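Everything below belongs to structure07.tsv, which stores TSV, C-alpha atoms.
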chain	number	residue	atom	x	y	z
A	465	MET	CA	15.80	-73.87	7.54
A	466	ILE	CA	16.91	-77.23	6.31
A	467	PRO	CA	14.60	-78.47	3.55
A	468	THR	CA	12.40	-81.38	4.41
A	469	GLU	CA	13.63	-84.54	2.80
A	470	GLY	CA	11.76	-84.99	-0.42
A	471	ALA	CA	10.42	-81.43	-0.44
A	472	THR	CA	10.32	-79.38	-3.58
A	473	VAL	CA	12.03	-76.01	-3.32
A	474	ILE	CA	11.25	-72.93	-5.36
A	475	GLY	CA	14.50	-71.01	-5.09
A	476	ARG	CA	14.80	-67.32	-4.44
A	477	GLU	CA	15.52	-66.40	-8.03
A	478	MET	CA	12.76	-68.55	-9.47
A	479	LYS	CA	9.39	-67.36	-10.69
A	480	VAL	CA	6.69	-69.88	-11.47
A	481	ARG	CA	3.37	-69.11	-13.10
A	482	GLY	CA	0.61	-71.65	-13.43
A	483	GLU	CA	-0.74	-74.56	-11.43
A	484	LEU	CA	1.50	-76.52	-9.09
A	485	SER	CA	0.07	-79.75	-7.75
A	486	GLY	CA	1.50	-82.75	-5.98
A	487	SER	CA	1.88	-84.66	-2.76
A	488	ASN	CA	5.30	-83.45	-1.71
A	489	ASP	CA	5.99	-80.63	0.70
A	490	LEU	CA	6.72	-77.37	-1.09
A	491	LEU	CA	9.14	-74.72	0.15
A	492	VAL	CA	8.95	-71.31	-1.49
A	493	ASP	CA	11.74	-68.79	-1.46
A	494	GLY	CA	10.88	-67.34	-4.84
A	495	GLU	CA	7.66	-66.30	-6.53
A	496	ILE	CA	4.61	-68.31	-7.52
A	497	GLU	CA	1.55	-67.06	-9.30
A	498	GLY	CA	-1.46	-69.23	-10.03
A	499	VAL	CA	-2.80	-72.21	-8.11
A	500	ILE	CA	-1.11	-74.48	-5.59
A	501	ARG	CA	-2.70	-77.84	-4.73
A	502	LEU	CA	-0.86	-80.08	-2.32
A	503	THR	CA	-2.43	-83.34	-1.27
A	504	ALA	CA	-1.50	-84.40	2.26
A	505	ALA	CA	1.48	-82.07	2.16
A	506	ARG	CA	2.74	-78.80	3.57
A	507	LEU	CA	3.34	-75.48	1.87
A	508	THR	CA	5.96	-73.31	3.52
A	509	VAL	CA	6.41	-69.77	2.25
A	510	ARG	CA	9.66	-68.59	3.66
A	511	ALA	CA	10.61	-65.00	4.41
A	512	ASP	CA	11.62	-64.15	0.85
A	513	GLY	CA	8.76	-66.04	-0.71
A	514	ARG	CA	6.05	-64.27	-2.65
A	515	VAL	CA	2.94	-66.25	-3.53
A	516	HIS	CA	0.05	-64.81	-5.49
A	517	ALA	CA	-2.14	-67.87	-5.74
A	518	THR	CA	-5.11	-69.87	-4.59
A	519	ILE	CA	-3.78	-72.47	-2.19
A	520	ALA	CA	-5.07	-75.83	-1.06
A	521	ALA	CA	-2.85	-77.92	1.15
A	522	GLN	CA	-2.84	-79.97	4.29
A	523	ASP	CA	-0.76	-77.45	6.24
A	524	VAL	CA	0.44	-73.97	5.36
A	525	VAL	CA	3.26	-72.13	7.13
A	526	VAL	CA	3.84	-68.51	6.19
A	527	MET	CA	6.83	-66.36	6.91
A	528	GLY	CA	6.70	-64.40	3.66
A	529	HIS	CA	3.96	-62.93	1.55
A	530	ILE	CA	0.78	-64.59	0.29
A	531	GLU	CA	-1.92	-62.95	-1.72
A	532	GLY	CA	-4.82	-65.28	-2.33
A	533	GLU	CA	-7.13	-67.74	-0.67
A	534	ILE	CA	-5.71	-70.38	1.66
A	535	ARG	CA	-7.56	-73.64	2.31
A	536	ALA	CA	-6.00	-76.15	4.66
A	537	THR	CA	-7.32	-79.44	5.88
A	538	GLY	CA	-4.85	-79.26	8.75
A	539	HIS	CA	-3.12	-76.23	10.17
A	540	VAL	CA	-2.33	-72.71	8.96
A	541	GLU	CA	0.44	-70.90	10.75
A	542	LEU	CA	1.33	-67.24	10.25
A	543	ARG	CA	4.70	-66.48	11.75
A	544	ASN	CA	6.26	-63.16	12.65
A	545	GLY	CA	6.74	-61.17	9.46
A	546	ALA	CA	4.07	-63.00	7.49
A	547	VAL	CA	1.78	-60.93	5.32
A	548	VAL	CA	-1.39	-62.59	4.11
A	549	LEU	CA	-3.86	-60.76	1.90
A	550	GLY	CA	-6.72	-63.15	1.43
A	551	ASP	CA	-9.09	-65.47	3.18
A	552	ILE	CA	-8.12	-68.39	5.35
A	553	PHE	CA	-10.29	-71.47	5.63
A	554	ALA	CA	-8.74	-73.87	8.10
A	555	ALA	CA	-9.82	-75.71	11.20
A	556	ARG	CA	-6.62	-74.77	12.99
A	557	LEU	CA	-4.95	-71.40	12.74
A	558	SER	CA	-2.11	-69.90	14.70
A	559	ILE	CA	-0.87	-66.36	14.34
A	560	GLU	CA	2.29	-64.98	15.86
A	561	GLU	CA	2.72	-61.39	16.93
A	562	GLY	CA	4.08	-59.48	13.99
A	563	ALA	CA	2.06	-61.34	11.40
A	564	MET	CA	-0.38	-59.33	9.31
A	565	LEU	CA	-3.63	-60.62	7.93
A	566	ARG	CA	-5.97	-58.69	5.66
A	567	GLY	CA	-8.83	-60.99	4.88
A	568	GLY	CA	-11.45	-63.28	6.28
A	569	VAL	CA	-11.15	-66.18	8.67
A	570	ASP	CA	-13.95	-68.72	8.56
A	571	PRO	CA	-13.19	-72.10	10.11
A	572	SER	CA	-16.66	-73.38	9.29
A	573	ARG	CA	-15.71	-73.47	5.61
A	574	ALA	CA	-12.50	-75.38	6.14
A	575	ASN	CA	-13.94	-78.58	4.67
A	576	GLU	CA	-15.50	-77.06	1.60
A	577	PRO	CA	-14.24	-78.82	-1.52
A	578	PHE	CA	-11.59	-76.99	-3.42
A	579	PRO	CA	-12.76	-75.91	-6.85
A	580	ALA	CA	-11.67	-78.41	-9.48
A	581	SER	CA	-8.96	-77.28	-11.80
A	582	SER	CA	-10.33	-76.05	-15.08
A	583	GLY	CA	-6.96	-76.49	-16.67
A	584	ALA	CA	-6.89	-72.75	-17.36
A	585	ASP	CA	-4.70	-70.28	-15.58
A	586	SER	CA	-6.50	-69.39	-12.37
A	587	THR	CA	-5.61	-66.13	-10.70
A	588	PRO	CA	-6.76	-65.04	-7.26
A	589	ARG	CA	-9.55	-62.49	-6.97
A	590	ARG	CA	-7.43	-59.82	-5.38
A	591	SER	CA	-5.74	-57.50	-7.80
A	592	ASN	CA	-4.08	-55.00	-5.48
A	593	ALA	CA	-0.68	-56.52	-5.03
A	594	ARG	CA	1.37	-55.34	-2.10
A	595	THR	CA	5.06	-55.61	-1.42
B	552	MET	CA	-12.40	-74.21	16.63
B	553	PHE	CA	-8.87	-72.92	16.67
B	554	ASP	CA	-6.55	-74.98	18.82
B	555	VAL	CA	-3.54	-72.77	19.08
B	556	PHE	CA	-2.87	-69.09	19.16
B	557	LYS	CA	0.58	-68.24	20.34
B	558	LYS	CA	2.90	-65.31	20.77
B	559	LYS	CA	6.46	-65.33	19.63
B	560	ARG	CA	8.69	-65.93	22.61
B	561	GLY	CA	10.17	-62.77	23.94
B	562	SER	CA	8.00	-60.63	21.73
B	563	THR	CA	7.82	-57.04	22.83
B	564	THR	CA	5.85	-55.74	19.91
B	565	HIS	CA	3.04	-54.37	22.04
B	566	SER	CA	3.05	-52.81	25.46
B	567	ALA	CA	0.40	-53.78	27.92
B	568	GLY	CA	0.90	-50.63	30.00
B	569	ARG	CA	-2.46	-48.98	29.37
B	570	PRO	CA	-5.19	-49.77	31.84
B	571	PRO	CA	-8.21	-51.59	30.44
B	572	ARG	CA	-11.07	-49.34	29.50
B	573	HIS	CA	-14.64	-50.09	30.42
B	574	SER	CA	-16.67	-50.12	27.23
B	575	ARG	CA	-20.46	-49.92	27.13
B	576	GLY	CA	-20.30	-50.28	23.40
B	577	TRP	CA	-18.31	-53.50	23.63
B	578	ILE	CA	-20.71	-54.90	26.21
B	579	GLU	CA	-23.61	-54.52	23.79
B	580	ILE	CA	-21.69	-55.98	20.89
B	581	ARG	CA	-20.41	-58.85	23.02
B	582	ASN	CA	-23.91	-59.71	24.21
B	583	HIS	CA	-25.04	-59.89	20.60
B	584	LEU	CA	-22.05	-62.03	19.63
B	585	GLN	CA	-22.79	-64.46	22.43
B	586	LYS	CA	-26.46	-64.84	21.55
B	587	ALA	CA	-26.40	-64.90	17.78
B	588	GLN	CA	-24.90	-67.51	15.52
B	589	SER	CA	-22.66	-67.42	12.49
B	590	LEU	CA	-22.24	-63.69	12.36
B	591	ARG	CA	-19.88	-62.05	9.91
B	592	VAL	CA	-17.64	-59.62	11.72
B	593	LEU	CA	-15.47	-56.94	10.15
B	594	ASP	CA	-12.65	-55.88	12.46
B	595	PHE	CA	-10.65	-52.78	11.58
B	596	GLY	CA	-8.05	-53.35	14.25
B	597	SER	CA	-4.55	-54.55	13.55
B	598	THR	CA	-4.12	-58.31	13.25
B	599	SER	CA	-4.99	-59.79	16.58
B	600	PRO	CA	-4.66	-63.49	17.23
B	601	ALA	CA	-6.70	-63.06	20.39
B	602	ASN	CA	-9.55	-61.33	18.58
B	603	ILE	CA	-9.64	-63.87	15.80
B	604	ASN	CA	-9.64	-66.66	18.34
B	605	TYR	CA	-12.35	-65.02	20.43
B	606	LEU	CA	-14.69	-64.40	17.53
B	607	THR	CA	-14.22	-67.74	15.78
B	608	SER	CA	-14.56	-69.67	19.03
B	609	LEU	CA	-18.04	-68.15	19.29
B	610	GLY	CA	-18.80	-69.58	15.87
B	611	HIS	CA	-18.46	-66.40	13.86
B	612	SER	CA	-16.28	-65.50	10.94
B	613	VAL	CA	-14.07	-62.47	10.96
B	614	TYR	CA	-12.54	-60.26	8.30
B	615	MET	CA	-9.50	-58.24	9.30
B	616	ALA	CA	-9.02	-54.88	7.61
B	617	ASN	CA	-6.58	-52.53	9.29
B	618	ILE	CA	-6.46	-49.50	7.00
B	619	VAL	CA	-4.79	-46.87	9.16
B	620	GLN	CA	-1.26	-47.78	8.17
B	621	ASP	CA	-2.17	-48.20	4.52
B	622	ALA	CA	-3.69	-44.71	4.50
B	623	THR	CA	-0.31	-43.20	5.31
B	624	ARG	CA	1.27	-44.47	2.09
B	625	PRO	CA	2.18	-41.73	-0.41
B	626	GLU	CA	0.69	-43.78	-3.27
B	627	TRP	CA	-2.78	-42.60	-2.21
B	628	LEU	CA	-1.98	-38.95	-2.79
B	629	LYS	CA	-2.93	-37.25	-6.02
B	630	PRO	CA	-2.04	-33.81	-7.30
B	631	ALA	CA	-4.38	-31.11	-6.11
B	632	GLN	CA	-6.63	-29.49	-8.66
B	633	PRO	CA	-5.97	-27.22	-10.38
B	634	VAL	CA	-2.46	-28.56	-10.74
B	635	ASP	CA	-0.99	-25.20	-11.59
B	636	SER	CA	-2.26	-23.62	-8.38
B	637	LYS	CA	0.54	-22.07	-6.35
B	638	ASP	CA	-0.78	-23.37	-3.07
B	639	ALA	CA	-1.78	-26.76	-4.38
B	640	ALA	CA	-1.02	-29.57	-1.99
B	641	PRO	CA	-1.48	-33.25	-2.78
B	642	GLU	CA	-4.91	-34.56	-1.99
B	643	PHE	CA	-5.87	-37.92	-0.65
B	644	ASP	CA	-7.42	-40.04	-3.39
B	645	VAL	CA	-10.46	-41.18	-1.48
B	646	ASP	CA	-12.20	-43.04	-4.28
B	647	ARG	CA	-9.13	-45.03	-5.23
B	648	PHE	CA	-8.35	-45.88	-1.63
B	649	ILE	CA	-11.89	-47.06	-0.99
B	650	ALA	CA	-11.85	-49.19	-4.12
B	651	ALA	CA	-8.56	-50.80	-3.21
B	652	ASN	CA	-8.94	-51.27	0.52
B	653	LEU	CA	-12.63	-51.46	1.27
B	654	ASP	CA	-13.78	-53.83	-1.45
B	655	PHE	CA	-14.35	-56.95	0.70
B	656	SER	CA	-14.95	-59.06	-2.41
B	657	GLY	CA	-18.72	-58.76	-2.31
B	658	ARG	CA	-19.08	-59.55	1.36
B	659	ASP	CA	-21.46	-57.93	3.76
B	660	PHE	CA	-21.26	-58.00	7.52
B	661	ASP	CA	-23.41	-58.30	10.61
B	662	ILE	CA	-21.03	-56.47	12.89
B	663	ILE	CA	-18.40	-53.86	12.10
B	664	LEU	CA	-15.79	-53.05	14.73
B	665	LEU	CA	-14.43	-49.76	13.45
B	666	TRP	CA	-12.82	-48.87	16.79
B	667	ASP	CA	-11.19	-45.40	16.61
B	668	THR	CA	-10.04	-45.81	13.02
B	669	ALA	CA	-11.83	-42.67	11.82
B	670	ASN	CA	-9.71	-40.42	14.03
B	671	PHE	CA	-6.53	-41.68	12.37
B	672	LEU	CA	-7.59	-41.34	8.75
B	673	PRO	CA	-7.34	-38.30	6.47
B	674	PRO	CA	-10.40	-36.25	7.37
B	675	GLU	CA	-11.54	-36.05	3.76
B	676	MET	CA	-11.88	-39.80	3.73
B	677	VAL	CA	-14.09	-40.22	6.78
B	678	PRO	CA	-17.51	-39.44	5.26
B	679	ALA	CA	-16.80	-41.82	2.38
B	680	LEU	CA	-15.65	-44.49	4.84
B	681	PHE	CA	-18.94	-44.41	6.73
B	682	GLU	CA	-20.91	-44.40	3.51
B	683	ARG	CA	-19.04	-47.47	2.35
B	684	LEU	CA	-19.54	-49.22	5.68
B	685	ARG	CA	-23.25	-48.51	5.56
B	686	LYS	CA	-23.40	-50.32	2.22
B	687	VAL	CA	-21.60	-53.42	3.47
B	688	LEU	CA	-23.47	-53.60	6.75
B	689	ARG	CA	-26.45	-55.90	6.62
B	690	PRO	CA	-29.89	-54.65	7.68
B	691	GLU	CA	-30.08	-54.73	11.49
B	692	GLY	CA	-26.30	-54.98	11.50
B	693	MET	CA	-24.34	-53.12	14.16
B	694	LEU	CA	-21.36	-50.80	13.84
B	695	LEU	CA	-19.21	-49.92	16.84
B	696	ALA	CA	-17.03	-46.83	16.55
B	697	PHE	CA	-14.94	-44.84	19.00
B	698	PHE	CA	-14.23	-41.15	18.64
B	699	HIS	CA	-11.53	-39.43	20.60
B	700	GLY	CA	-12.40	-36.11	22.20
B	701	ARG	CA	-8.83	-34.84	22.18
B	702	LEU	CA	-6.01	-34.68	19.68
B	703	ILE	CA	-3.37	-35.65	22.19
B	704	GLY	CA	-3.35	-37.57	25.43
B	705	PRO	CA	-2.41	-41.05	26.62
B	706	GLU	CA	-5.75	-42.42	25.52
B	707	THR	CA	-5.17	-41.28	21.93
B	708	ALA	CA	-2.27	-43.63	21.18
B	709	PHE	CA	-3.22	-45.88	18.29
B	710	ALA	CA	-4.18	-49.17	19.85
B	711	ARG	CA	-5.45	-52.61	19.16
B	712	PHE	CA	-8.46	-53.37	21.33
B	713	GLN	CA	-8.40	-56.90	22.61
B	714	LEU	CA	-11.73	-58.70	22.84
B	715	GLY	CA	-12.78	-60.98	25.63
B	716	ASP	CA	-15.61	-61.81	27.97
B	717	SER	CA	-14.74	-58.92	30.26
B	718	ASP	CA	-16.64	-55.62	30.19
B	719	ASP	CA	-13.27	-53.97	29.78
B	720	LEU	CA	-11.20	-53.74	26.62
B	721	GLN	CA	-7.46	-54.06	26.83
B	722	ALA	CA	-5.84	-51.42	24.63
B	723	LEU	CA	-2.45	-52.49	23.28
B	724	ASP	CA	-0.34	-49.81	21.63
B	725	SER	CA	-0.10	-50.72	17.99
B	726	GLY	CA	1.94	-48.17	16.08
B	727	SER	CA	2.75	-44.49	16.09
B	728	PHE	CA	-0.07	-42.79	14.27
B	729	PRO	CA	-1.38	-39.43	15.40
B	730	VAL	CA	-5.01	-38.52	15.81
B	731	ARG	CA	-5.65	-36.44	12.71
B	732	GLN	CA	-9.01	-34.96	13.54
B	733	VAL	CA	-11.41	-34.74	16.44
B	734	TYR	CA	-15.08	-34.89	15.50
B	735	GLN	CA	-17.98	-33.27	17.29
B	736	MET	CA	-21.16	-35.15	17.96
B	737	ARG	CA	-22.97	-33.34	15.18
B	738	GLN	CA	-20.30	-34.42	12.70
B	739	VAL	CA	-20.56	-38.01	13.84
B	740	GLU	CA	-24.33	-37.88	13.44
B	741	ASN	CA	-23.82	-36.67	9.88
B	742	PHE	CA	-21.42	-39.55	9.17
B	743	LEU	CA	-24.08	-41.97	10.38
B	744	GLU	CA	-26.95	-40.53	8.42
B	745	GLY	CA	-29.00	-43.35	6.98
B	746	TYR	CA	-28.62	-45.67	9.95
B	747	SER	CA	-31.86	-46.61	11.70
B	748	SER	CA	-30.59	-45.90	15.19
B	749	ILE	CA	-27.56	-44.29	16.77
B	750	ARG	CA	-26.58	-44.43	20.42
B	751	PHE	CA	-23.74	-42.58	22.07
B	752	PHE	CA	-21.84	-43.46	25.22
B	753	LEU	CA	-19.47	-40.86	26.61
B	754	CYS	CA	-16.64	-42.44	28.54
B	755	LYS	CA	-14.36	-41.09	31.22
B	756	ASP	CA	-11.32	-41.14	28.96
B	757	ASN	CA	-12.79	-38.54	26.57
B	758	VAL	CA	-13.76	-41.23	24.12
B	759	ARG	CA	-17.22	-41.19	22.67
B	760	GLU	CA	-18.50	-44.65	21.77
B	761	VAL	CA	-21.18	-45.04	19.14
B	762	ILE	CA	-23.32	-48.00	18.22
B	763	ALA	CA	-25.17	-47.54	14.96
B	764	VAL	CA	-27.70	-50.00	13.65
B	765	ARG	CA	-28.47	-50.15	9.98

Show the structure stored in the file as structure tokens.
Amino acid sequence: MIPTEGATVIGREMKVRGELSGSNDLLVDGEIEGVIRLTAARLTVRADGRVHATIAAQDVVVMGHIEGEIRATGHVELRNGAVVLGDIFAARLSIEEGAMLRGGVDPSRANEPFPASSGADSTPRRSNART
Amino acid sequence: MFDVFKKKRGSTTHSAGRPPRHSRGWIEIRNHLQKAQSLRVLDFGSTSPANINYLTSLGHSVYMANIVQDATRPEWLKPAQPVDSKDAAPEFDVDRFIAANLDFSGRDFDIILLWDTANFLPPEMVPALFERLRKVLRPEGMLLAFFHGRLIGPETAFARFQLGDSDDLQALDSGSFPVRQVYQMRQVENFLEGYSSIRFFLCKDNVREVIAVR
């Protein structure tokens, strides 16, 4: 996949821990742990990507592994091979055959405000990591 | 509420060869889903875009929790006690599996679609599974479970049951897991001790459907 112009890329060998926030699209081939907040932007977790985080974005596309809550003001897309362990709050959700979801889906909560950052390291509720 | 659910082009993950099965249990659950609002549904089937779409389009939320495949992982085995016993075989760590896979983060549910999950789990886990489900089922909540009457047969293939407005459920083969135990009615009644009402429906395909109300 050719990176979107202006997108930030977390490379395959990179591991990031903490809060990532911004208004650029984010492509993840590596690992992120913490909180991801993208304003009017898309998060794409590619096949090698591993995200253990609470996520708020406009759109979220998953081909890799996410453990944590996903909130999207736009569209969440789970493609073949995606593994999501966590809840999805989005008005629009598409799931391809071959995607795996373990968690809740509640579109009525898609517009709930995202908890404000406390500035501290926020880790998702789930503790049973899966590979 | 959801605009798009799509299949990957050319996907052959699931076969649609099995005939739909008429389900009295599903009819009752469906009627409740169509009348009530904002129900919390726990679905133990494998991830199903169609099921998620069906349930959320009715205004309900759904939690997906397929545990059959997870239960086959060797990480859930523990040494038998006593460990120095000659015939000791690893045992399934029920408590640890329940804690890891049936936590639900404090949620409770109005409807639990267990399908035929119990038949595909280690038998030692089944009583604890029903006990756990009773705790997360809200008062007046409904649990739908299927129990196979045979260990082998075309109807025993592990399947994802596709929801819809029809009285029939489409069963889509969803992995190669064998039926591990067949349970008699008395055993099922014991699993469901503590529920306020239990109703059985015996179907032509040797599947016993149960609706239990907490």

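Here the question is which of B:Glu760, B:Glu579, B:Asp667, B:Asp724 gets nearest to Val619 in chain B using all atoms listed in the file, and that residue is B:Asp667.
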
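Proximity ranking of B:Phe595, B:Tyr734, B:Phe742, B:Phe697 relative to chain A places B:Phe595 first, based on all atoms listed in the file.
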
- Query: What are the residues of chain A that have an atom within 12 Å of an atom of chain B, counting only C-alpha atoms, as a PyMOL selection string?
  - Reply: chain A and resi 532-533+538-574+588-595

- CA of Ile474 in chain A to CA of Ala517 in chain A, straight-line distance in Å: 14.3 Å

- Message: Please list as a list in words every residue within 6 Å of Gly528 in chain A, counting all atoms listed in the file and excluding residues in the same chain fewer than 4 positions away.
- Response: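 Near Gly528 in chain A, the qualifying residues are Val509, Arg510, Ala511, Asp512, Gly513 and Ala546 of chain A.
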
Can you pull out every residue within 6 Å of range 701-709 of chain B, counting only C-alpha atoms, but drop anything in the same chain fewer than 6 positions away, and send it as a PDB file with C-alpha atoms, in the frame of the given file?
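That gives us around04.pdb:
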ATOM      1  CA  ASP B 724      -0.340 -49.810  21.630  1.00  0.00           C
ATOM      2  CA  SER B 725      -0.100 -50.720  17.990  1.00  0.00           C
ATOM      3  CA  PHE B 728      -0.070 -42.790  14.270  1.00  0.00           C
ATOM      4  CA  VAL B 730      -5.010 -38.520  15.810  1.00  0.00           C
TER       5      VAL B 730
END

- Query: Looking at all atoms listed in the file, which of B:Met693, B:Val764, B:Val733, B:Ala640 is the one that sits closest to Ser748 in chain B?
  - Reply: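 Among B:Met693, B:Val764, B:Val733, B:Ala640, it is B:Val764 that comes nearest to Ser748 in chain B.
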
- Interatomic distance, CA of Ala505 in chain A to CA of Thr537 in chain A (Å, one decimal): 9.9 Å

Around all listed atoms of range 475-484 of chain A, padded 3 Å per side, what centre and edge lengths does the axis-aligned box have in Å to one decimal, as JSON?
{"center_x": 7.4, "center_y": -71.5, "center_z": -8.9, "size_x": 22.3, "size_y": 16.1, "size_z": 15.0}

- Item | Atomic distance CA of Met736 in chain B - CA of Glu642 in chain B, expressed in Å with one decimal | 25.7 Å

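Taking all atoms listed in the file, the non-local environment of range 571-575 of chain B within 8 Å (same-chain residues fewer than 6 positions away omitted) comprises Asp718, Asp719, Leu720, Gln721, Ala722, Phe752, Cys754 and Glu760 of chain B.
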
- Would you list the contacts of Ala669 in chain B as a list in words, taking every protein, DNA or RNA residue within 8 Å and counting only C-alpha atoms, but skipping same-chain residues closer than 5 positions in sequence?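 Using only C-alpha atoms, the neighbours found are Pro674, Val677 and Phe698 of chain B.
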
In the coordinates of the file, take the point (-11.3, -79.6, -0.4) and a cut-off of 12 Å; then, counting only C-alpha atoms, name each qualifying protein, DNA or RNA residue as a CSV table (one decimal) with C-alpha atoms, in the coordinates of the input.
chain,number,residue,atom,x,y,z
A,501,ARG,CA,-2.7,-77.8,-4.7
A,502,LEU,CA,-0.9,-80.1,-2.3
A,503,THR,CA,-2.4,-83.3,-1.3
A,504,ALA,CA,-1.5,-84.4,2.3
A,519,ILE,CA,-3.8,-72.5,-2.2
A,520,ALA,CA,-5.1,-75.8,-1.1
A,521,ALA,CA,-2.8,-77.9,1.2
A,522,GLN,CA,-2.8,-80.0,4.3
A,534,ILE,CA,-5.7,-70.4,1.7
A,535,ARG,CA,-7.6,-73.6,2.3
A,536,ALA,CA,-6.0,-76.2,4.7
A,537,THR,CA,-7.3,-79.4,5.9
A,538,GLY,CA,-4.8,-79.3,8.8
A,553,PHE,CA,-10.3,-71.5,5.6
A,554,ALA,CA,-8.7,-73.9,8.1
A,573,ARG,CA,-15.7,-73.5,5.6
A,574,ALA,CA,-12.5,-75.4,6.1
A,575,ASN,CA,-13.9,-78.6,4.7
A,576,GLU,CA,-15.5,-77.1,1.6
A,577,PRO,CA,-14.2,-78.8,-1.5
A,578,PHE,CA,-11.6,-77.0,-3.4
A,579,PRO,CA,-12.8,-75.9,-6.8
A,580,ALA,CA,-11.7,-78.4,-9.5
A,581,SER,CA,-9.0,-77.3,-11.8

Atoms added to range 531-550 of chain A (N, CA and C atoms), reported as an mmCIF file, in the coordinates of the input:
data_model
loop_
_atom_site.group_PDB
_atom_site.id
_atom_site.type_symbol
_atom_site.label_atom_id
_atom_site.label_comp_id
_atom_site.auth_asym_id
_atom_site.auth_seq_id
_atom_site.Cartn_x
_atom_site.Cartn_y
_atom_site.Cartn_z
ATOM 1 N N GLU A 531 -0.725 -63.657 -1.295
ATOM 2 C CA GLU A 531 -1.920 -62.950 -1.720
ATOM 3 C C GLU A 531 -2.812 -63.963 -2.405
ATOM 4 N N GLY A 532 -3.936 -64.265 -1.775
ATOM 5 C CA GLY A 532 -4.820 -65.280 -2.330
ATOM 6 C C GLY A 532 -5.491 -66.051 -1.212
ATOM 7 N N GLU A 533 -6.355 -66.958 -1.620
ATOM 8 C CA GLU A 533 -7.130 -67.740 -0.670
ATOM 9 C C GLU A 533 -6.320 -68.937 -0.196
ATOM 10 N N ILE A 534 -6.427 -69.245 1.079
ATOM 11 C CA ILE A 534 -5.710 -70.380 1.660
ATOM 12 C C ILE A 534 -6.744 -71.349 2.231
ATOM 13 N N ARG A 535 -6.720 -72.578 1.756
ATOM 14 C CA ARG A 535 -7.560 -73.640 2.310
ATOM 15 C C ARG A 535 -6.652 -74.738 2.834
ATOM 16 N N ALA A 536 -6.842 -75.111 4.075
ATOM 17 C CA ALA A 536 -6.000 -76.150 4.660
ATOM 18 C C ALA A 536 -6.861 -77.149 5.400
ATOM 19 N N THR A 537 -6.605 -78.400 5.150
ATOM 20 C CA THR A 537 -7.320 -79.440 5.880
ATOM 21 C C THR A 537 -6.717 -79.634 7.265
ATOM 22 N N GLY A 538 -5.516 -79.132 7.457
ATOM 23 C CA GLY A 538 -4.850 -79.260 8.750
ATOM 24 C C GLY A 538 -4.698 -77.919 9.433
ATOM 25 N N HIS A 539 -3.518 -77.360 9.345
ATOM 26 C CA HIS A 539 -3.120 -76.230 10.170
ATOM 27 C C HIS A 539 -2.533 -75.114 9.302
ATOM 28 N N VAL A 540 -2.945 -73.877 9.583
ATOM 29 C CA VAL A 540 -2.330 -72.710 8.960
ATOM 30 C C VAL A 540 -1.596 -71.933 10.044
ATOM 31 N N GLU A 541 -0.376 -71.588 9.757
ATOM 32 C CA GLU A 541 0.440 -70.900 10.750
ATOM 33 C C GLU A 541 1.041 -69.641 10.125
ATOM 34 N N LEU A 542 0.751 -68.496 10.711
ATOM 35 C CA LEU A 542 1.330 -67.240 10.250
ATOM 36 C C LEU A 542 2.388 -66.828 11.259
ATOM 37 N N ARG A 543 3.612 -66.800 10.819
ATOM 38 C CA ARG A 543 4.700 -66.480 11.750
ATOM 39 C C ARG A 543 5.039 -64.997 11.667
ATOM 40 N N ASN A 544 5.852 -64.564 12.590
ATOM 41 C CA ASN A 544 6.260 -63.160 12.650
ATOM 42 C C ASN A 544 6.824 -62.731 11.294
ATOM 43 N N GLY A 545 6.291 -61.657 10.760
ATOM 44 C CA GLY A 545 6.740 -61.170 9.460
ATOM 45 C C GLY A 545 5.862 -61.597 8.312
ATOM 46 N N ALA A 546 4.963 -62.538 8.565
ATOM 47 C CA ALA A 546 4.070 -63.000 7.490
ATOM 48 C C ALA A 546 3.097 -61.893 7.116
ATOM 49 N N VAL A 547 2.807 -61.834 5.828
ATOM 50 C CA VAL A 547 1.780 -60.930 5.320
ATOM 51 C C VAL A 547 0.844 -61.759 4.465
ATOM 52 N N VAL A 548 -0.399 -61.818 4.859
ATOM 53 C CA VAL A 548 -1.390 -62.590 4.110
ATOM 54 C C VAL A 548 -2.528 -61.663 3.728
ATOM 55 N N LEU A 549 -2.745 -61.549 2.432
ATOM 56 C CA LEU A 549 -3.860 -60.760 1.900
ATOM 57 C C LEU A 549 -4.802 -61.750 1.247
ATOM 58 N N GLY A 550 -5.808 -62.151 1.965
ATOM 59 C CA GLY A 550 -6.720 -63.150 1.430
ATOM 60 C C GLY A 550 -7.391 -63.880 2.563
#
